[in-house]
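> See upload.txt below, with compact mmCIF, C-alpha atoms.
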```
# COMPACT_ATOMS: atom_id res chain seq x y z
CA MET W 256 -33.85 -3.79 -1.48
CA SER W 257 -34.81 -1.10 0.99
CA ALA W 258 -34.59 -2.11 4.64
CA ASN W 259 -38.13 -0.82 5.12
CA GLU W 260 -39.64 -2.33 2.00
CA ASP W 261 -42.97 -3.97 2.80
CA ARG W 262 -42.28 -7.57 3.80
CA VAL W 263 -43.85 -10.46 5.67
CA LEU W 264 -41.50 -12.70 7.66
CA ARG W 265 -42.25 -16.08 9.21
CA ALA W 266 -40.11 -17.52 12.02
CA ILE W 267 -40.19 -20.22 14.68
CA THR W 268 -38.46 -20.20 18.03
CA ASP W 269 -35.72 -22.81 18.30
CA ASP W 270 -37.49 -24.47 21.23
CA ASN W 271 -40.59 -25.03 19.05
CA THR W 272 -42.69 -22.93 21.39
CA PHE W 273 -43.93 -20.15 19.11
CA ARG W 274 -44.41 -19.42 15.45
CA VAL W 275 -44.23 -15.70 14.77
CA ILE W 276 -45.27 -13.84 11.64
CA VAL W 277 -44.61 -10.14 11.24
CA ALA W 278 -45.58 -7.80 8.42
CA SER W 279 -44.52 -4.31 7.43
CA THR W 280 -47.25 -2.87 5.20
CA THR W 281 -46.67 0.88 5.14
CA ASP W 282 -46.61 1.47 1.38
CA THR W 283 -49.21 -1.23 0.71
CA VAL W 284 -51.69 0.34 3.11
CA ARG W 285 -50.85 3.88 2.05
CA GLU W 286 -51.61 3.12 -1.61
CA GLY W 287 -54.71 1.12 -0.75
CA LEU W 288 -56.18 3.94 1.31
CA ALA W 289 -55.32 6.48 -1.38
CA ALA W 290 -57.16 4.38 -3.97
CA GLN W 291 -60.21 4.24 -1.70
CA GLN W 292 -59.89 7.94 -0.86
CA VAL W 293 -60.35 7.22 2.84
CA ALA W 294 -58.57 8.38 6.00
CA GLY W 295 -59.34 8.92 9.68
CA ALA W 296 -61.00 6.18 11.75
CA THR W 297 -62.36 4.47 8.66
CA GLY W 298 -58.93 4.51 7.04
CA ALA W 299 -57.49 2.96 10.19
CA ARG W 300 -60.02 0.13 9.97
CA LEU W 301 -59.12 -0.58 6.36
CA ALA W 302 -55.40 -0.43 7.19
CA GLU W 303 -55.93 -3.04 9.90
CA MET W 304 -57.95 -5.22 7.54
CA MET W 305 -55.33 -5.20 4.79
CA THR W 306 -52.50 -5.99 7.18
CA GLY W 307 -54.56 -8.60 9.00
CA ALA W 308 -55.44 -10.42 5.79
CA VAL W 309 -51.75 -10.72 4.91
CA LEU W 310 -50.97 -12.11 8.36
CA VAL W 311 -53.82 -14.65 8.30
CA ARG W 312 -52.86 -15.82 4.79
CA GLU W 313 -49.28 -16.35 5.89
CA THR W 314 -50.47 -18.11 9.03
CA MET W 315 -52.93 -20.54 7.46
CA SER W 316 -52.34 -20.75 3.73
CA PRO W 317 -49.31 -18.81 2.41
CA HIS W 318 -49.51 -20.35 -1.06
CA HIS W 319 -53.19 -19.54 -1.65
CA ARG W 320 -55.27 -16.44 -2.19
CA LEU W 321 -57.17 -15.16 0.83
CA GLN W 322 -60.07 -12.73 1.00
CA GLY W 323 -61.46 -11.29 4.20
CA ILE W 324 -64.85 -9.57 4.39
CA LEU W 325 -65.89 -7.78 7.56
CA THR W 326 -69.45 -6.46 7.71
CA GLY W 327 -70.30 -3.47 9.84
CA GLU W 328 -72.88 -2.85 12.53
CA GLY W 329 -76.29 -4.20 11.63
CA GLY W 330 -74.80 -6.15 8.74
CA ARG W 331 -74.31 -2.90 6.83
CA GLY W 332 -71.20 -1.91 4.94
CA ARG W 333 -68.12 -4.01 4.23
CA LEU W 334 -64.38 -3.91 4.65
CA VAL W 335 -62.70 -6.19 2.12
CA ALA W 336 -59.07 -7.26 1.86
CA ASP W 337 -57.75 -9.46 -0.94
CA THR W 338 -54.20 -10.86 -0.78
CA HIS W 339 -52.27 -13.29 -3.01
CA PRO W 340 -49.21 -15.53 -2.51
CA ASP W 341 -46.99 -13.14 -4.49
CA GLY W 342 -47.82 -10.41 -1.96
CA SER W 343 -50.30 -8.52 -4.15
CA THR W 344 -52.79 -6.98 -1.74
CA ARG W 345 -55.69 -4.59 -2.14
CA GLY W 346 -58.53 -3.24 -0.03
CA LEU W 347 -62.07 -2.03 -0.49
CA ILE W 348 -64.55 -0.21 1.69
CA GLN W 349 -68.30 -0.02 1.09
CA MET W 350 -70.11 2.14 3.61
CA PRO W 351 -73.74 3.26 3.98
CA ALA W 352 -74.34 6.84 2.86
CA ASP W 353 -75.61 7.83 6.32
CA TRP W 354 -72.39 6.72 8.08
CA SER W 355 -69.57 9.17 8.74
CA GLU W 356 -67.21 6.32 9.65
CA PHE W 357 -67.17 2.54 9.52
CA ARG W 358 -68.27 0.95 12.77
CA LEU W 359 -68.50 -2.52 14.26
CA GLY W 360 -71.29 -3.73 16.50
CA PRO W 361 -74.29 -6.09 16.66
CA GLY W 362 -74.65 -7.85 13.33
CA SER W 363 -70.96 -7.61 12.41
CA MET W 364 -69.56 -10.80 10.87
CA LEU W 365 -66.14 -11.79 9.53
CA GLN W 366 -65.94 -14.12 6.54
CA VAL W 367 -62.57 -15.49 5.42
CA MET W 368 -62.24 -17.28 2.08
CA ARG W 369 -59.18 -19.22 0.92
CA THR W 370 -58.82 -20.37 -2.67
CA MET W 371 -57.30 -23.84 -2.59
CA ALA W 372 -54.93 -25.43 -5.12
CA ASN W 373 -57.77 -27.32 -6.85
CA GLY W 374 -59.80 -24.13 -7.25
CA SER W 375 -62.23 -24.88 -4.45
CA ILE W 376 -62.94 -22.20 -1.87
CA TYR W 377 -62.78 -22.77 1.86
CA ARG W 378 -65.02 -20.41 3.83
CA GLY W 379 -64.97 -19.60 7.51
CA LEU W 380 -67.47 -17.32 9.24
CA VAL W 381 -67.37 -15.92 12.78
CA ASN W 382 -69.35 -13.41 14.78
CA ALA W 383 -67.39 -10.15 15.06
CA ALA W 384 -70.01 -8.19 17.01
CA GLU W 385 -68.19 -8.32 20.35
CA HIS W 386 -64.97 -6.82 19.00
CA ASP W 387 -64.13 -3.16 18.66
CA ASP W 388 -61.19 -3.69 16.32
CA VAL W 389 -60.30 -5.75 13.25
CA ALA W 390 -57.49 -7.66 14.99
CA GLY W 391 -59.90 -9.00 17.60
CA ALA W 392 -62.23 -10.31 14.90
CA LEU W 393 -59.33 -11.99 13.09
CA MET W 394 -58.11 -13.58 16.32
CA SER W 395 -61.59 -15.02 16.91
CA TYR W 396 -61.53 -16.43 13.39
CA LEU W 397 -58.22 -18.24 13.98
CA GLN W 398 -59.38 -19.62 17.31
CA GLU W 399 -62.93 -20.61 16.35
CA SER W 400 -62.62 -21.59 12.70
CA GLU W 401 -59.01 -22.78 12.51
CA GLN W 402 -58.55 -23.95 16.13
CA THR W 403 -55.24 -22.11 16.53
CA VAL W 404 -54.33 -20.21 19.69
CA SER W 405 -52.87 -16.94 18.46
CA VAL W 406 -52.42 -13.31 19.36
CA ILE W 407 -52.83 -10.81 16.51
CA ALA W 408 -52.07 -7.11 16.52
CA THR W 409 -52.37 -4.74 13.57
CA GLY W 410 -52.17 -0.98 13.37
CA ALA W 411 -50.76 2.16 11.82
CA VAL W 412 -49.01 5.29 13.01
CA TRP W 413 -50.54 8.47 11.62
CA SER W 414 -49.35 12.03 11.22
CA GLU W 415 -50.89 15.10 9.62
CA ALA W 416 -49.39 13.95 6.33
CA GLY W 417 -51.03 10.52 6.57
CA ILE W 418 -49.67 7.07 7.43
CA GLU W 419 -46.10 7.04 8.72
CA THR W 420 -45.84 3.29 9.23
CA ALA W 421 -48.16 0.29 9.28
CA GLY W 422 -47.80 -3.36 10.15
CA GLY W 423 -48.64 -6.12 12.57
CA TYR W 424 -47.83 -9.53 13.94
CA VAL W 425 -49.22 -12.96 14.80
CA VAL W 426 -47.81 -15.01 17.65
CA HIS W 427 -49.01 -18.60 17.39
CA LEU W 428 -48.68 -20.97 20.34
CA LEU W 429 -47.33 -24.39 19.29
CA PRO W 430 -48.23 -27.66 21.05
CA GLU W 431 -44.68 -28.01 22.39
CA ALA W 432 -44.87 -24.75 24.32
CA ARG W 433 -43.24 -24.80 27.75
CA ARG W 434 -45.00 -23.10 30.65
CA ASP W 435 -42.08 -20.76 31.42
CA ALA W 436 -41.72 -19.69 27.80
CA LEU W 437 -45.46 -19.12 27.56
CA GLN W 438 -45.40 -16.93 30.66
CA ALA W 439 -42.46 -14.90 29.34
CA MET W 440 -44.16 -14.30 25.98
CA THR W 441 -47.46 -13.46 27.66
CA GLU W 442 -45.74 -10.84 29.79
CA ARG W 443 -43.94 -9.51 26.74
CA LEU W 444 -47.17 -9.12 24.75
CA GLU W 445 -48.92 -7.47 27.69
CA GLU W 446 -46.15 -4.87 27.73
CA MET W 447 -46.98 -4.16 24.07
CA SER W 448 -50.75 -3.98 24.45
CA ALA W 449 -50.77 -1.00 22.06
CA ILE W 450 -49.01 -1.76 18.79
CA GLU W 451 -48.51 1.83 17.64
CA PRO W 452 -45.50 2.53 19.94
CA LEU W 453 -43.94 -0.72 18.72
CA LEU W 454 -44.42 0.27 15.08
CA ARG W 455 -42.97 3.68 15.81
CA ARG W 456 -39.88 2.17 17.48
CA THR W 457 -39.24 -0.29 14.67
CA GLY W 458 -39.75 2.33 11.97
CA GLY W 459 -41.56 0.17 9.45
CA SER W 460 -38.93 -2.61 9.42
CA ALA W 461 -40.25 -6.17 9.55
CA ARG W 462 -36.88 -7.46 10.74
CA ARG W 463 -36.75 -5.01 13.63
CA LEU W 464 -40.33 -5.87 14.52
CA LEU W 465 -39.46 -9.58 14.65
CA ALA W 466 -36.38 -8.92 16.79
CA GLU W 467 -38.40 -6.71 19.15
CA LEU W 468 -41.03 -9.39 19.66
CA LEU W 469 -38.61 -12.25 20.30
CA GLN W 470 -35.85 -10.28 22.00
CA GLN W 471 -33.31 -12.82 23.33
CA GLN W 472 -35.18 -15.94 22.21
CA PRO W 473 -33.22 -17.88 19.57
CA PHE W 474 -35.28 -18.38 16.42
CA THR W 475 -35.05 -19.59 12.85
CA GLN W 476 -36.47 -17.53 10.03
CA LEU W 477 -38.60 -19.71 7.75
CA ASP W 478 -39.66 -17.34 5.00
CA ASP W 479 -39.39 -13.79 3.71
CA ARG W 480 -41.91 -12.54 1.15
CA PRO W 481 -42.69 -9.15 -0.38
CA VAL W 482 -45.98 -7.35 0.18
CA MET W 483 -47.26 -4.65 -2.12
CA PHE W 484 -50.43 -2.88 -3.21
CA ARG W 485 -51.43 -4.31 -6.55
CA CYS W 486 -54.82 -4.70 -8.18
CA ARG W 487 -55.43 -7.60 -10.54
CA CYS W 488 -58.08 -5.90 -12.61
CA SER W 489 -57.70 -5.72 -16.40
CA SER W 490 -59.72 -4.91 -19.48
CA GLU W 491 -60.01 -8.65 -20.15
CA ALA W 492 -61.40 -9.24 -16.66
CA VAL W 493 -63.92 -6.42 -17.12
CA VAL W 494 -65.19 -7.89 -20.39
CA ALA W 495 -65.32 -11.35 -18.83
CA SER W 496 -67.47 -10.01 -15.98
CA LEU W 497 -69.90 -8.50 -18.49
CA ALA W 498 -70.19 -11.90 -20.16
CA THR W 499 -72.04 -13.14 -17.06
CA LEU W 500 -74.94 -10.72 -17.69
CA GLU W 501 -78.19 -11.78 -19.26
CA ARG W 502 -78.47 -11.30 -23.03
CA GLU W 503 -81.27 -8.79 -22.55
CA GLU W 504 -79.05 -6.61 -20.35
CA LEU W 505 -76.21 -6.71 -22.88
CA ALA W 506 -78.59 -5.85 -25.71
CA GLU W 507 -79.88 -2.83 -23.78
CA MET W 508 -76.33 -1.61 -23.17
CA ILE W 509 -75.60 -1.88 -26.88
CA ARG W 510 -78.71 0.13 -27.75
CA GLU W 511 -78.06 2.88 -25.21
CA GLN W 512 -74.29 3.44 -25.28
CA GLU W 513 -71.53 3.77 -27.81
CA VAL W 514 -68.92 3.18 -25.10
CA LEU W 515 -69.52 1.65 -21.69
CA GLU W 516 -67.32 3.11 -18.95
CA LEU W 517 -66.55 1.01 -15.87
CA THR W 518 -64.29 1.73 -12.89
CA CYS W 519 -62.54 -0.86 -10.73
CA ASP W 520 -63.83 -0.58 -7.15
CA TYR W 521 -60.41 -1.42 -5.70
CA CYS W 522 -57.95 0.78 -7.61
CA ARG W 523 -60.26 3.26 -9.41
CA THR W 524 -58.81 2.40 -12.83
CA ALA W 525 -61.29 3.34 -15.55
CA TYR W 526 -62.03 0.97 -18.43
CA GLN W 527 -63.94 1.54 -21.64
CA VAL W 528 -65.82 -1.23 -23.40
CA SER W 529 -66.85 -0.49 -26.97
CA ARG W 530 -70.15 -1.38 -28.58
CA SER W 531 -68.35 -3.88 -30.81
CA GLN W 532 -66.91 -5.65 -27.76
CA LEU W 533 -70.37 -5.86 -26.21
CA GLN W 534 -71.76 -7.14 -29.48
CA GLY W 535 -69.06 -9.80 -29.49
CA LEU W 536 -70.39 -11.08 -26.18
CA LEU W 537 -73.81 -11.54 -27.77
CA ASP W 538 -72.36 -13.14 -30.90
CA PRO W 539 -69.17 -14.92 -29.75
CA SER W 540 -68.91 -16.83 -33.05
```
Let me see the structure of the file written as structure tokens.

Amino acid sequence: MSANEDRVLRAITDDNTFRVIVASTTDTVREGLAAQQVAGATGARLAEMMTGAVLVRETMSPHHRLQGILTGEGGRGRLVADTHPDGSTRGLIQMPADWSEFRLGPGSMLQVMRTMANGSIYRGLVNAAEHDDVAGALMSYLQESEQTVSVIATGAVWSEAGIETAGGYVVHLLPEARRDALQAMTERLEEMSAIEPLLRRTGGSARRLLAELLQQQPFTQLDDRPVMFRCRCSSEAVVASLATLEREELAEMIREQEVLELTCDYCRTAYQVSRSQLQGLLDPS
């Protein structure tokens, strides 16, 4: 295993003061942005969203799927991140044609959905209008919807060639926190108000990021999981989605096309559905 392979680590300080989760997401984000064909400020937003979704899943519900949807200014456009317990993570951006880059502002909302073990979906919704970054919106979600006091930072280091490294962290204050430990951690986080220098120093290593955050504080590592870009689309899933259409719509497709071509919004994989497959949806027997 490469030392810089994308990972998410969970740890707790031995004095039960803080729970810390760190994620290295360089390759995951790089592949996700390539699939969406996005870079620049908009690419940075999507990078933050993908990393942030991984961190929130590991914070609140590591064994369940989590989806985050952040709407843009005026309720227009969406940043979507979808992450699963096995580390499979993907991202999607939908932006109005008259926007040159994704922007937050009045009307921005963050919705977080967790798929529970029984198949039910837990939804949380917070106002994201007052934030100018994705991490701020995610922090509001944890504090308002989940009642957890946390600090979140996500980011990426860019070069002319693209993303050099990406990642982030969550520091969660536990009820047993001592005042002196809280002050020390607060001062430490204030020193690292910008995450990019921290990511540059740690070189895309989750372990180095964890050590940098905690420094001399003794801690116990609780978990270590992989993170990777992976889309869960398939030809079966595409056909199943078509089965939800009205019979009249399916019949019109059959009349007009020999082969229906569909592309996954997340990974840009193209699928072809034949007329016989469409006919089978009309006549499943």
> List the neighbours of Pro452 (chain W) out to 12 Å using all atoms listed in the file; skip same-chain residues closer than 3 positions along the sequence, and give me the result as a PyMOL selection string.
chain W and resi 409-413+420-423+446-449+455-459+464+467
> Could the centre and edge lengths of an axis-aligned box, enclosing all atoms of region 312-325 of chain W in the file with 3 Å extra on each side, be given in Å to one decimal as lines of an AutoDock Vina configuration file?

```
center_x = -57.6
center_y = -14.3
center_z = 3.4
size_x = 22.6
size_y = 19.0
size_z = 17.2
```
> How far is it from CA of Thr314 (chain W) to CA of Arg369 (chain W), in Å with one decimal?
12.0 Å
> Take CA of Leu500 (chain W) and CA of Arg487 (chain W) and report the distance between them in Å, one decimal.
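CA of Arg487 (chain W) lies at a distance of 21.0 Å from CA of Leu500 (chain W).
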> Give me the residues within 12 Å of Ala492 (chain W) as number ranges by chain, counting all atoms listed in the file and dropping any in the same chain fewer than 5 places off.
W: 486-487, 497-499, 517-519, 526, 528
